[in-house]
file run-v4.txt (compact mmCIF, C-alpha atoms)
# COMPACT_ATOMS: atom_id res chain seq x y z
CA MET A 1 -36.32 59.97 -45.20
CA LYS A 2 -35.26 58.14 -42.07
CA PRO A 3 -32.75 55.57 -43.38
CA LYS A 4 -32.97 51.97 -42.29
CA VAL A 5 -29.71 50.58 -40.97
CA LEU A 6 -28.94 46.87 -40.95
CA ILE A 7 -26.41 46.00 -38.27
CA LEU A 8 -25.13 42.57 -39.22
CA ARG A 9 -24.66 40.18 -36.34
CA VAL A 10 -22.89 36.85 -36.32
CA ALA A 11 -21.37 34.70 -33.58
CA GLY A 12 -18.76 36.86 -31.85
CA THR A 13 -20.09 40.30 -32.82
CA ASN A 14 -19.85 42.60 -29.81
CA CYS A 15 -20.19 46.24 -30.91
CA ASP A 16 -23.71 45.92 -32.31
CA PHE A 17 -25.50 47.63 -29.40
CA GLU A 18 -23.27 50.73 -29.42
CA THR A 19 -23.55 50.98 -33.21
CA GLU A 20 -27.33 50.66 -33.09
CA TRP A 21 -27.48 53.34 -30.40
CA ALA A 22 -25.24 55.73 -32.35
CA PHE A 23 -27.33 55.41 -35.53
CA ALA A 24 -30.60 55.78 -33.61
CA LEU A 25 -29.24 58.91 -31.91
CA ALA A 26 -28.28 60.27 -35.33
CA GLY A 27 -31.87 59.84 -36.49
CA ALA A 28 -31.84 56.51 -38.32
CA PHE A 29 -33.92 53.41 -37.81
CA ALA A 30 -31.29 50.88 -36.79
CA GLU A 31 -31.87 47.18 -36.43
CA LYS A 32 -29.61 44.32 -35.42
CA VAL A 33 -30.05 41.43 -37.83
CA HIS A 34 -28.39 38.03 -37.52
CA ILE A 35 -26.83 36.70 -40.72
CA ASN A 36 -28.95 33.53 -40.45
CA GLN A 37 -32.11 35.67 -40.67
CA ILE A 38 -30.88 36.87 -44.07
CA ILE A 39 -29.80 33.40 -45.20
CA ARG A 40 -33.24 32.04 -44.17
CA ARG A 41 -34.86 34.92 -46.16
CA GLU A 42 -36.59 36.30 -43.06
CA LYS A 43 -34.85 39.64 -43.66
CA LYS A 44 -33.75 41.24 -46.91
CA VAL A 45 -30.63 43.36 -47.26
CA SER A 46 -32.44 45.31 -49.99
CA ASP A 47 -34.93 46.66 -47.41
CA TYR A 48 -32.16 48.77 -45.85
CA GLN A 49 -30.14 51.79 -46.95
CA ILE A 50 -27.10 51.32 -44.73
CA LEU A 51 -25.36 48.02 -43.99
CA VAL A 52 -22.99 47.96 -41.04
CA ILE A 53 -20.57 45.20 -40.18
CA PRO A 54 -19.76 46.13 -36.59
CA GLY A 55 -16.76 45.41 -34.43
CA GLY A 56 -16.18 42.23 -32.49
CA PHE A 57 -14.57 38.88 -33.04
CA SER A 58 -16.72 37.27 -35.70
CA TYR A 59 -16.47 33.49 -35.42
CA GLY A 60 -13.83 33.93 -32.74
CA ASP A 61 -11.39 35.36 -35.31
CA ASP A 62 -10.77 31.71 -36.19
CA ILE A 63 -8.52 31.14 -39.23
CA ALA A 64 -7.87 34.95 -39.30
CA ALA A 65 -9.78 38.02 -38.13
CA GLY A 66 -12.85 38.55 -40.30
CA LYS A 67 -11.91 35.73 -42.67
CA VAL A 68 -14.82 33.37 -41.97
CA LEU A 69 -17.44 36.13 -42.25
CA ALA A 70 -15.76 37.36 -45.44
CA ASN A 71 -16.06 33.79 -46.81
CA GLN A 72 -19.71 33.68 -45.75
CA ILE A 73 -20.49 36.99 -47.43
CA LYS A 74 -18.87 35.82 -50.65
CA LEU A 75 -20.62 32.45 -50.54
CA LYS A 76 -24.06 33.40 -49.28
CA LEU A 77 -24.72 37.13 -49.62
CA TRP A 78 -22.66 38.18 -52.61
CA GLU A 79 -25.54 38.81 -55.01
CA GLU A 80 -27.40 40.96 -52.47
CA ILE A 81 -24.27 42.90 -51.54
CA GLU A 82 -23.41 43.57 -55.21
CA LYS A 83 -26.92 44.90 -55.77
CA PHE A 84 -26.69 47.02 -52.61
CA ILE A 85 -23.43 48.57 -53.86
CA SER A 86 -24.76 49.17 -57.38
CA GLN A 87 -27.75 51.02 -55.90
CA LYS A 88 -25.31 53.49 -54.28
CA LYS A 89 -26.28 52.46 -50.78
CA VAL A 90 -23.88 52.73 -47.86
CA ILE A 91 -21.70 50.02 -46.30
CA VAL A 92 -19.72 50.58 -43.14
CA GLY A 93 -17.15 48.26 -41.60
CA ILE A 94 -15.82 49.10 -38.17
CA CYS A 95 -12.78 47.25 -36.83
CA ASN A 96 -13.70 43.60 -37.40
CA GLY A 97 -16.10 44.89 -40.05
CA PHE A 98 -13.21 46.60 -41.84
CA GLN A 99 -11.28 43.32 -41.75
CA VAL A 100 -14.30 41.64 -43.37
CA LEU A 101 -14.59 44.31 -46.09
CA ALA A 102 -10.85 44.02 -46.82
CA LYS A 103 -10.78 40.22 -46.90
CA SER A 104 -13.90 39.92 -49.04
CA GLY A 105 -12.40 42.43 -51.51
CA ILE A 106 -15.30 44.90 -51.12
CA LEU A 107 -12.72 47.52 -50.16
CA PRO A 108 -10.90 49.22 -51.78
CA PHE A 109 -12.19 48.49 -55.32
CA ASN A 110 -14.83 45.77 -54.96
CA SER A 111 -12.62 43.26 -56.72
CA LYS A 112 -10.36 40.48 -55.46
CA GLN A 113 -8.63 40.99 -52.12
CA LEU A 114 -6.00 43.71 -52.48
CA ILE A 115 -5.49 44.90 -48.92
CA THR A 116 -5.34 43.29 -45.53
CA LEU A 117 -5.23 44.09 -41.83
CA GLU A 118 -2.25 42.18 -40.51
CA TRP A 119 -1.13 41.45 -36.95
CA ASN A 120 -0.05 44.55 -35.06
CA ASP A 121 3.71 45.07 -35.15
CA SER A 122 3.73 44.89 -31.35
CA GLY A 123 2.28 41.36 -31.50
CA ARG A 124 -0.25 42.48 -28.90
CA PHE A 125 -3.86 43.52 -28.69
CA GLU A 126 -3.77 47.33 -28.69
CA ASP A 127 -6.67 48.86 -26.81
CA ARG A 128 -6.54 52.64 -26.21
CA TRP A 129 -7.45 56.07 -27.55
CA VAL A 130 -5.65 57.37 -30.61
CA TYR A 131 -5.43 60.64 -32.50
CA LEU A 132 -6.62 60.55 -36.07
CA LYS A 133 -6.05 62.93 -38.94
CA VAL A 134 -9.08 63.37 -41.17
CA GLU A 135 -7.72 63.33 -44.71
CA GLU A 136 -9.05 65.16 -47.72
CA ASN A 137 -11.18 62.35 -49.14
CA VAL A 138 -14.04 61.51 -51.49
CA SER A 139 -16.42 60.25 -48.82
CA PRO A 140 -19.35 62.52 -47.97
CA PHE A 141 -19.37 61.18 -44.42
CA PHE A 142 -16.27 62.95 -43.15
CA LYS A 143 -17.34 66.45 -44.22
CA GLY A 144 -17.31 69.08 -41.50
CA LEU A 145 -15.04 67.17 -39.14
CA PRO A 146 -12.06 68.88 -37.51
CA GLU A 147 -8.62 68.00 -38.85
CA ILE A 148 -7.67 65.94 -35.79
CA ILE A 149 -10.12 63.74 -33.90
CA ARG A 150 -9.92 61.06 -31.23
CA MET A 151 -11.35 57.55 -31.12
CA PRO A 152 -10.51 54.32 -29.35
CA VAL A 153 -8.90 51.36 -31.08
CA ALA A 154 -9.18 47.78 -29.85
CA HIS A 155 -7.61 45.23 -32.14
CA ALA A 156 -4.81 42.72 -32.59
CA GLU A 157 -4.96 42.60 -36.39
CA GLY A 158 -5.10 46.18 -37.59
CA LYS A 159 -1.93 46.84 -39.56
CA PHE A 160 -3.07 48.13 -42.92
CA LEU A 161 -1.14 46.47 -45.73
CA PRO A 162 -1.75 46.76 -49.47
CA GLN A 163 -0.80 43.99 -51.86
CA ASN A 164 1.76 46.29 -53.48
CA ASN A 165 2.68 49.94 -53.96
CA LYS A 166 0.52 50.21 -57.07
CA VAL A 167 -2.60 49.51 -54.98
CA LEU A 168 -1.45 51.88 -52.25
CA ASN A 169 -0.72 54.70 -54.68
CA GLU A 170 -4.04 54.23 -56.41
CA ILE A 171 -5.92 54.44 -53.09
CA GLU A 172 -4.03 57.63 -52.27
CA ARG A 173 -4.48 59.14 -55.74
CA ASN A 174 -8.24 58.46 -55.61
CA LYS A 175 -8.45 60.19 -52.21
CA GLN A 176 -9.78 56.99 -50.65
CA ILE A 177 -7.88 57.37 -47.39
CA VAL A 178 -10.19 58.85 -44.78
CA LEU A 179 -8.22 58.56 -41.53
CA ARG A 180 -4.57 58.29 -40.56
CA TYR A 181 -3.05 57.71 -37.13
CA CYS A 182 -1.19 60.77 -35.89
CA ASP A 183 0.06 62.47 -32.75
CA LYS A 184 -1.70 65.29 -30.90
CA GLU A 185 -0.35 67.86 -33.36
CA GLY A 186 -1.29 65.86 -36.44
CA ASN A 187 2.18 64.54 -37.27
CA LEU A 188 2.23 61.08 -38.81
CA THR A 189 4.54 59.30 -36.41
CA GLY A 190 5.26 55.74 -35.31
CA TYR A 191 4.33 53.61 -32.31
CA PRO A 192 2.52 54.21 -29.99
CA TYR A 193 0.64 56.86 -32.03
CA ASN A 194 0.41 54.43 -34.91
CA PRO A 195 -0.81 51.52 -32.75
CA ASN A 196 -0.26 48.74 -35.24
CA GLY A 197 2.43 49.79 -37.72
CA SER A 198 -0.03 50.53 -40.53
CA ILE A 199 1.60 51.50 -43.81
CA ARG A 200 1.53 55.29 -44.18
CA ASN A 201 -0.41 55.40 -40.90
CA ILE A 202 -3.65 54.38 -42.62
CA ALA A 203 -6.52 53.88 -40.16
CA GLY A 204 -9.51 54.00 -42.49
CA ILE A 205 -10.34 54.03 -46.19
CA CYS A 206 -13.37 54.30 -48.43
CA SER A 207 -14.45 53.09 -51.85
CA LYS A 208 -13.87 55.15 -55.00
CA ASP A 209 -17.29 56.76 -54.62
CA GLY A 210 -16.85 57.21 -50.88
CA LEU A 211 -20.00 55.29 -49.96
CA ILE A 212 -18.30 52.22 -48.52
CA ILE A 213 -16.12 52.99 -45.53
CA GLY A 214 -13.90 50.82 -43.40
CA MET A 215 -11.93 51.87 -40.35
CA MET A 216 -10.12 50.24 -37.47
CA PRO A 217 -10.98 52.88 -34.82
CA HIS A 218 -14.42 52.76 -33.18
CA PRO A 219 -16.52 55.89 -33.80
CA GLU A 220 -19.49 54.27 -32.04
CA ARG A 221 -17.51 54.27 -28.79
CA ALA A 222 -16.81 58.01 -29.04
CA ILE A 223 -20.20 59.66 -29.37
CA LEU A 224 -20.58 61.84 -26.27
CA LYS A 225 -17.93 64.02 -24.66
CA TYR A 226 -18.28 61.81 -21.58
CA HIS A 227 -16.82 58.94 -23.54
CA TYR A 228 -13.43 60.66 -23.66
CA PRO A 229 -11.19 59.19 -20.95
CA ASP A 230 -10.16 62.70 -19.86
CA PHE A 231 -13.52 64.45 -20.07
CA LEU A 232 -13.28 65.71 -16.47
CA LYS A 233 -10.01 67.49 -17.26
CA ASN A 234 -11.10 68.96 -20.59
CA GLU A 235 -13.79 71.54 -20.87
CA GLU A 236 -15.48 70.26 -23.99
CA LYS A 237 -18.31 72.58 -24.93
CA GLU A 238 -19.97 70.28 -27.44
CA GLU A 239 -22.05 67.45 -26.04
CA PHE A 240 -21.43 65.33 -29.13
CA THR A 241 -17.99 64.39 -30.49
CA PRO A 242 -16.77 64.79 -34.08
CA SER A 243 -17.10 60.99 -34.52
CA PHE A 244 -20.84 61.37 -34.05
CA LYS A 245 -20.85 63.65 -37.08
CA ILE A 246 -19.89 60.63 -39.23
CA PHE A 247 -23.17 58.95 -38.21
CA LYS A 248 -25.10 62.21 -38.70
CA ASN A 249 -23.58 62.61 -42.17
CA MET A 250 -24.65 59.10 -43.16
CA VAL A 251 -28.21 59.75 -42.04
CA LYS A 252 -28.19 63.16 -43.78
CA TYR A 253 -27.04 61.49 -47.01
CA PHE A 254 -30.47 59.80 -47.25
CA SER A 255 -32.53 62.75 -46.01
CA MET B 1 -11.87 6.45 -52.39
CA SER B 2 -10.84 6.10 -48.76
CA LYS B 3 -10.35 8.96 -46.31
CA GLU B 4 -6.92 10.53 -46.41
CA PHE B 5 -5.03 13.09 -44.35
CA TRP B 6 -3.72 16.25 -45.94
CA ILE B 7 -1.93 19.07 -44.20
CA ILE B 8 -2.33 22.70 -45.27
CA GLU B 9 0.47 24.82 -43.88
CA ILE B 10 -0.10 28.57 -43.90
CA HIS B 11 2.85 30.85 -43.37
CA LYS B 12 3.59 34.53 -43.79
CA LYS B 13 5.00 35.80 -47.07
CA LYS B 14 8.68 36.76 -46.93
CA ASN B 15 8.04 40.52 -46.77
CA ILE B 16 5.51 40.19 -43.90
CA LYS B 17 6.64 40.44 -40.29
CA ASP B 18 6.22 37.14 -38.41
CA VAL B 19 5.20 38.62 -35.04
CA PHE B 20 4.53 35.22 -33.47
CA GLY B 21 7.95 33.98 -34.53
CA GLN B 22 9.59 37.00 -32.92
CA ASP B 23 7.51 36.64 -29.77
CA THR B 24 8.35 32.95 -29.47
CA LYS B 25 12.08 33.70 -29.90
CA LYS B 26 11.83 36.21 -27.06
CA SER B 27 10.03 33.71 -24.81
CA ILE B 28 12.69 31.07 -25.49
CA GLU B 29 15.43 33.54 -24.61
CA GLU B 30 13.61 34.36 -21.39
CA ILE B 31 14.01 30.77 -20.16
CA GLY B 32 17.76 31.09 -20.62
CA ILE B 33 18.25 29.52 -24.05
CA SER B 34 19.97 32.37 -25.81
CA GLU B 35 21.54 30.97 -28.94
CA ILE B 36 18.45 31.19 -31.09
CA ASP B 37 18.88 32.84 -34.50
CA GLU B 38 15.34 32.70 -35.80
CA VAL B 39 11.87 31.30 -35.10
CA LYS B 40 9.15 31.06 -37.73
CA VAL B 41 5.56 30.03 -37.03
CA SER B 42 2.99 28.48 -39.36
CA ASN B 43 -0.61 27.44 -38.87
CA LEU B 44 -1.53 23.88 -39.72
CA TYR B 45 -4.88 22.49 -40.82
CA LYS B 46 -5.01 18.70 -40.91
CA ILE B 47 -7.81 17.76 -43.28
CA GLU B 48 -9.31 14.29 -43.19
CA ALA B 49 -11.55 13.60 -46.18
CA LYS B 50 -12.13 11.51 -49.26
CA THR B 51 -10.78 13.95 -51.79
CA ASP B 52 -7.86 14.90 -54.01
CA LYS B 53 -5.11 17.52 -53.82
CA LYS B 54 -7.00 19.86 -56.14
CA ASN B 55 -9.83 20.31 -53.65
CA ILE B 56 -7.40 20.76 -50.77
CA GLU B 57 -5.75 23.53 -52.81
CA ARG B 58 -9.12 25.17 -53.34
CA ILE B 59 -9.80 25.08 -49.59
CA ALA B 60 -6.45 26.72 -48.88
CA LYS B 61 -6.75 29.35 -51.61
CA GLU B 62 -10.41 30.21 -51.40
CA LEU B 63 -11.13 29.81 -47.69
CA PHE B 64 -8.04 29.87 -45.52
CA ILE B 65 -5.28 32.14 -46.76
CA ASP B 66 -5.06 35.89 -46.77
CA ASN B 67 -4.11 36.64 -50.38
CA VAL B 68 -2.07 39.67 -49.38
CA SER B 69 0.02 38.28 -46.54
CA ASP B 70 -0.04 34.46 -46.60
CA ASN B 71 1.47 31.63 -48.62
CA PHE B 72 0.61 27.98 -48.24
CA SER B 73 1.90 24.51 -48.93
CA ILE B 74 0.14 21.16 -48.98
CA TYR B 75 1.66 17.84 -48.01
CA LYS B 76 0.97 14.55 -46.34
CA LYS B 77 4.15 14.10 -44.35
CA THR B 78 6.30 16.80 -42.77
CA ARG B 79 9.78 17.03 -44.20
CA THR B 80 12.89 18.21 -42.42
CA LYS B 81 14.37 21.62 -43.27
CA LYS B 82 18.06 22.37 -43.52
CA GLY B 83 19.31 24.29 -40.49
CA PHE B 84 15.99 24.23 -38.60
CA TRP B 85 14.51 22.15 -35.82
CA ILE B 86 10.84 21.62 -36.54
CA VAL B 87 8.18 21.27 -33.86
CA GLU B 88 4.56 20.44 -34.61
CA ILE B 89 1.88 20.90 -31.97
CA PHE B 90 -1.58 19.40 -32.16
CA LEU B 91 -4.38 19.06 -29.63
CA LYS B 92 -4.62 15.66 -27.99
CA GLU B 93 -7.36 13.29 -29.04
CA GLY B 94 -10.59 14.23 -27.25
CA VAL B 95 -9.72 17.89 -26.66
CA THR B 96 -12.19 20.24 -28.35
CA ASP B 97 -10.74 22.09 -31.32
CA PRO B 98 -13.06 25.09 -31.88
CA VAL B 99 -10.91 26.59 -34.66
CA GLY B 100 -10.93 23.24 -36.44
CA GLU B 101 -14.71 23.14 -36.09
CA THR B 102 -15.07 26.65 -37.58
CA ALA B 103 -12.75 25.63 -40.42
CA ARG B 104 -14.83 22.48 -41.01
CA LYS B 105 -18.05 24.48 -41.14
CA THR B 106 -16.64 27.00 -43.62
CA ILE B 107 -15.53 24.10 -45.88
CA ILE B 108 -19.02 22.54 -45.74
CA GLU B 109 -20.66 25.94 -46.46
CA SER B 110 -18.42 26.38 -49.50
CA LYS B 111 -19.63 22.99 -50.80
CA ILE B 112 -16.07 22.04 -51.75
CA LEU B 113 -16.46 18.97 -49.50
CA ASN B 114 -19.42 17.67 -47.57
CA ASP B 115 -17.74 15.21 -45.23
CA VAL B 116 -14.58 16.43 -43.60
CA VAL B 117 -12.77 16.61 -40.27
CA VAL B 118 -10.33 19.45 -39.57
CA LYS B 119 -7.74 19.57 -36.82
CA THR B 120 -5.63 22.63 -36.27
CA GLY B 121 -2.07 22.89 -35.09
CA LYS B 122 1.05 25.03 -35.05
CA LYS B 123 4.42 24.45 -36.62
CA TYR B 124 7.59 26.08 -35.35
CA TYR B 125 10.85 26.34 -37.30
CA ILE B 126 13.68 27.01 -34.85
CA LYS B 127 17.17 27.95 -36.00
CA GLY B 128 20.06 28.11 -33.57
CA LYS B 129 22.77 26.20 -31.74
CA ILE B 130 20.51 24.05 -29.58
CA ASN B 131 20.46 20.36 -28.75
CA GLN B 132 17.72 17.75 -28.38
CA LYS B 133 17.45 18.34 -24.62
CA GLN B 134 16.97 22.07 -25.11
CA ILE B 135 14.38 21.64 -27.85
CA LYS B 136 12.42 19.35 -25.52
CA GLU B 137 12.63 22.00 -22.81
CA ILE B 138 11.38 24.64 -25.30
CA CYS B 139 8.44 22.41 -26.24
CA GLU B 140 7.41 21.70 -22.67
CA LYS B 141 7.93 25.20 -21.26
CA ILE B 142 6.97 27.45 -24.16
CA LEU B 143 5.31 25.82 -27.14
CA ALA B 144 3.01 23.16 -25.75
CA ASN B 145 0.67 22.71 -22.84
CA THR B 146 1.31 19.02 -22.33
CA LEU B 147 -2.05 18.54 -20.62
CA ILE B 148 -3.84 19.20 -23.89
CA HIS B 149 -1.16 19.16 -26.60
CA ASN B 150 0.98 16.54 -28.25
CA TYR B 151 4.23 17.75 -29.74
CA PHE B 152 6.44 16.19 -32.39
CA ILE B 153 10.07 17.12 -32.94
CA LEU B 154 11.85 16.76 -36.27
CA LYS B 155 15.60 16.86 -35.97
CA LYS B 156 17.57 19.61 -37.63
CA ARG B 157 18.99 18.59 -41.00
CA THR B 158 22.59 19.69 -41.37
call {"tool": "encode", "arguments": {"input": "run-v4.txt", "output": "structure tokens"}}
result
Amino acid sequence: MKPKVLILRVAGTNCDFETEWAFALAGAFAEKVHINQIIRREKKVSDYQILVIPGGFSYGDDIAAGKVLANQIKLKLWEEIEKFISQKKVIVGICNGFQVLAKSGILPFNSKQLITLEWNDSGRFEDRWVYLKVEENVSPFFKGLPEIIRMPVAHAEGKFLPQNNKVLNEIERNKQIVLRYCDKEGNLTGYPYNPNGSIRNIAGICSKDGLIIGMMPHPERAILKYHYPDFLKNEEKEEFTPSFKIFKNMVKYFS
Amino acid sequence: MSKEFWIIEIHKKKNIKDVFGQDTKKSIEEIGISEIDEVKVSNLYKIEAKTDKKNIERIAKELFIDNVSDNFSIYKKTRTKKGFWIVEIFLKEGVTDPVGETARKTIIESKILNDVVVKTGKKYYIKGKINQKQIKEICEKILANTLIHNYFILKKRT
């Protein structure tokens, strides 16, 4: 089956085109849908298998990054989202989308808010390529990826913070951490490799069943080898990057 | 019930790094005022509505704060703080406040209130051996753009 992907747009979304392209390339039917189309009942979340909250600056990051869209999801779409999750469908939050999933409580346990993405320790917008360690995790979407991959980050509020150590340890124990910032050799080190000061270098997590994923780096901006900033220097044999495999895995999950 | 003003102040929890506070301290030092011990920054939401404190608390808790990293307080009049100069910055009358407008819309969507005006601002707590002249200089060179902002200084309480 060719899964249908809903790419949720609101005012300030800006990674919807790349995300749509990546899913289409991976073999899905991807469609950008504005939140008002869902609120007006012109589109139904239940008609799709994958829901993506893409990167961007939803509602200008007013109040706090992702906060207004998280409020909107809780106020207007909660019933549909709960049903979507209970049907074991897939939700993906990239960058601003991860902030939304964290602030609405959908990640890590679909409960009240237990984690956040705080202001980067540097106090600046960090926009560059990072190395990421793919952790042993419960998500089916990171299978077959090399241990260390590269993706760009572009955020000001990306410092992963749990409410307390109990939450953090539970996420780790459940193997819900999918990506950690690292150096070229895979060592978990500090700035600039960890671009925001995330606790235990966490860059991305998933739900207990691995079907909801949230990450600060942008896999949709690292699909072809030509996307790497140093592709002329490196002799990459593969046309597609490991990040593309995440999209392929999601499509395969429904095939 | 007549319309009243309430202020929601949102600040970082004690264990959370106040990056804006640190940045502001650095900027103040860069203009040659070096005896600054600490700067803390809060976000302010001035709510004008016919309502009670309970609803204002709901707005803060349910719509504005980050449960993991933020705390909030609600008041009608700013109080002084021992050892700190306080500066409040708000947009001048007539200047568009897009964050305030987003905040207003999210309140209306939540149905907590249906008639409300929100104005946003910043509050700076500045600790250090500085005088009134220096705090004015900090306001005009660092904290406010006097073309569009009004600033209010509350003297340090000793």
call {"tool": "axis_aligned_box", "arguments": {"input": "run-v4.txt", "around": "stretch 238-243 of chain A", "padding_each_side": "5 Å", "output": "JSON"}}
result
{"center_x": -19.4, "center_y": 65.6, "center_z": -30.3, "size_x": 15.3, "size_y": 19.3, "size_z": 18.5}
call {"tool": "residues_around", "arguments": {"input": "run-v4.txt", "residues": "A:Val138", "least_positions_apart": "3", "cutoff": "10 Å", "atoms": "only C-alpha atoms", "output": "list in words"}}
result
Glu135, Phe141, Phe142, Lys143, Asn174, Lys175, Gln176, Ile177, Val178, Ile205, Cys206, Ser207, Lys208, Asp209, Gly210 and Leu211 of chain A
call {"tool": "atom_distance", "arguments": {"input": "run-v4.txt", "atom1": "atom CA of B:Thr96", "atom2": "atom CA of A:Leu69"}}
result
21.8 Å
call {"tool": "closest_residue", "arguments": {"input": "run-v4.txt", "among": "B:Val99, B:Ile126, B:Ile7, B:Ile59", "to": "A:Tyr59", "atoms": "all atoms listed in the file"}}
result
B:Val99
call {"tool": "interface_residues", "arguments": {"input": "run-v4.txt", "of": "chain A", "to": "chain B", "cutoff": "7 Å", "atoms": "only C-alpha atoms", "output": "list in words"}}
result
Asp62, Ile63, Val68, Asn71, Leu75, Gln113, Leu114, Ile115, Thr116, Asp121, Gly123 and Gln163 of chain A
call {"tool": "closest_residue", "arguments": {"input": "run-v4.txt", "among": "A:Asp127, A:Glu220, A:Glu172, A:Glu238", "to": "A:Ala24", "atoms": "all atoms listed in the file"}}
result
A:Glu220
call {"tool": "atom_distance", "arguments": {"input": "run-v4.txt", "atom1": "atom CA of A:Ala156", "atom2": "atom CA of B:Thr24"}}
result
16.7 Å
call {"tool": "residues_near_point", "arguments": {"input": "run-v4.txt", "point": "(-27.0, 36.9, -47.0)", "cutoff": "10 Å", "atoms": "only C-alpha atoms", "output": "mmCIF file with C-alpha atoms, in the coordinates of the input"}}
result
data_model
loop_
_atom_site.group_PDB
_atom_site.id
_atom_site.type_symbol
_atom_site.label_atom_id
_atom_site.label_comp_id
_atom_site.auth_asym_id
_atom_site.auth_seq_id
_atom_site.Cartn_x
_atom_site.Cartn_y
_atom_site.Cartn_z
ATOM 1 C CA LEU A 8 -25.130 42.570 -39.220
ATOM 2 C CA HIS A 34 -28.390 38.030 -37.520
ATOM 3 C CA ILE A 35 -26.830 36.700 -40.720
ATOM 4 C CA ASN A 36 -28.950 33.530 -40.450
ATOM 5 C CA GLN A 37 -32.110 35.670 -40.670
ATOM 6 C CA ILE A 38 -30.880 36.870 -44.070
ATOM 7 C CA ILE A 39 -29.800 33.400 -45.200
ATOM 8 C CA ARG A 40 -33.240 32.040 -44.170
ATOM 9 C CA ARG A 41 -34.860 34.920 -46.160
ATOM 10 C CA LYS A 43 -34.850 39.640 -43.660
ATOM 11 C CA LYS A 44 -33.750 41.240 -46.910
ATOM 12 C CA VAL A 45 -30.630 43.360 -47.260
ATOM 13 C CA GLN A 72 -19.710 33.680 -45.750
ATOM 14 C CA ILE A 73 -20.490 36.990 -47.430
ATOM 15 C CA LYS A 74 -18.870 35.820 -50.650
ATOM 16 C CA LEU A 75 -20.620 32.450 -50.540
ATOM 17 C CA LYS A 76 -24.060 33.400 -49.280
ATOM 18 C CA LEU A 77 -24.720 37.130 -49.620
ATOM 19 C CA TRP A 78 -22.660 38.180 -52.610
ATOM 20 C CA GLU A 79 -25.540 38.810 -55.010
ATOM 21 C CA GLU A 80 -27.400 40.960 -52.470
ATOM 22 C CA ILE A 81 -24.270 42.900 -51.540
#
call {"tool": "atom_distance", "arguments": {"input": "run-v4.txt", "atom1": "atom CA of B:Val39", "atom2": "atom CA of B:Glu57"}}
result
26.2 Å
call {"tool": "residues_around", "arguments": {"input": "run-v4.txt", "residues": "B:Asp37", "least_positions_apart": "3", "cutoff": "12 Å", "atoms": "all atoms listed in the file", "output": "short mmCIF file (atom, residue, chain, number, x, y, z; two decimals) with C-alpha atoms, in the coordinates of the input"}}
result
data_model
loop_
_atom_site.label_atom_id
_atom_site.label_comp_id
_atom_site.auth_asym_id
_atom_site.auth_seq_id
_atom_site.Cartn_x
_atom_site.Cartn_y
_atom_site.Cartn_z
CA GLY B 21 7.95 33.98 -34.53
CA GLN B 22 9.59 37.00 -32.92
CA THR B 24 8.35 32.95 -29.47
CA LYS B 25 12.08 33.70 -29.90
CA LYS B 26 11.83 36.21 -27.06
CA ILE B 28 12.69 31.07 -25.49
CA GLU B 29 15.43 33.54 -24.61
CA ILE B 33 18.25 29.52 -24.05
CA SER B 34 19.97 32.37 -25.81
CA LYS B 40 9.15 31.06 -37.73
CA GLY B 83 19.31 24.29 -40.49
CA PHE B 84 15.99 24.23 -38.60
CA TRP B 85 14.51 22.15 -35.82
CA TYR B 125 10.85 26.34 -37.30
CA ILE B 126 13.68 27.01 -34.85
CA LYS B 127 17.17 27.95 -36.00
CA GLY B 128 20.06 28.11 -33.57
CA LYS B 129 22.77 26.20 -31.74
CA ILE B 130 20.51 24.05 -29.58
#
call {"tool": "closest_residue", "arguments": {"input": "run-v4.txt", "among": "A:Ala70, A:Ala102, A:Leu132, A:Ile85", "to": "A:Tyr193", "atoms": "all atoms listed in the file"}}
result
A:Leu132
call {"tool": "residues_near_point", "arguments": {"input": "run-v4.txt", "point": "(-9.5, 48.1, -38.4)", "cutoff": "9 Å", "atoms": "all atoms listed in the file", "output": "PyMOL selection string"}}
result
chain A and resi 55+93-99+117+153-155+157-160+203-204+214-218
call {"tool": "residues_around", "arguments": {"input": "run-v4.txt", "residues": "B:Ile74", "least_positions_apart": "4", "cutoff": "7 Å", "atoms": "all atoms listed in the file", "output": "PyMOL selection string"}}
result
chain B and resi 6-9
call {"tool": "closest_residue", "arguments": {"input": "run-v4.txt", "among": "B:Ile142, B:Phe5, B:Ile135, B:His11", "to": "B:Leu154", "atoms": "only C-alpha atoms"}}
result
B:Ile135
call {"tool": "residues_around", "arguments": {"input": "run-v4.txt", "residues": "A:Leu145", "least_positions_apart": "5", "cutoff": "9 Å", "atoms": "all atoms listed in the file", "output": "PyMOL selection string"}}
result
chain A and resi 134+242-243+245-246
call {"tool": "residues_around", "arguments": {"input": "run-v4.txt", "residues": "A:Arg9", "least_positions_apart": "6", "cutoff": "8 Å", "atoms": "only C-alpha atoms", "output": "PyMOL selection string"}}
result
chain A and resi 16+32-35+53-54
call {"tool": "write_last_selection", "arguments": {"input": "run-v4.txt", "atoms": "C-alpha atoms", "output": "PDB file, in the frame of the given file"}}
result
ATOM      1  CA  ASP A  16     -23.710  45.920 -32.310  1.00  0.00           C
ATOM      2  CA  LYS A  32     -29.610  44.320 -35.420  1.00  0.00           C
ATOM      3  CA  VAL A  33     -30.050  41.430 -37.830  1.00  0.00           C
ATOM      4  CA  HIS A  34     -28.390  38.030 -37.520  1.00  0.00           C
ATOM      5  CA  ILE A  35     -26.830  36.700 -40.720  1.00  0.00           C
ATOM      6  CA  ILE A  53     -20.570  45.200 -40.180  1.00  0.00           C
ATOM      7  CA  PRO A  54     -19.760  46.130 -36.590  1.00  0.00           C
TER       8      PRO A  54
END
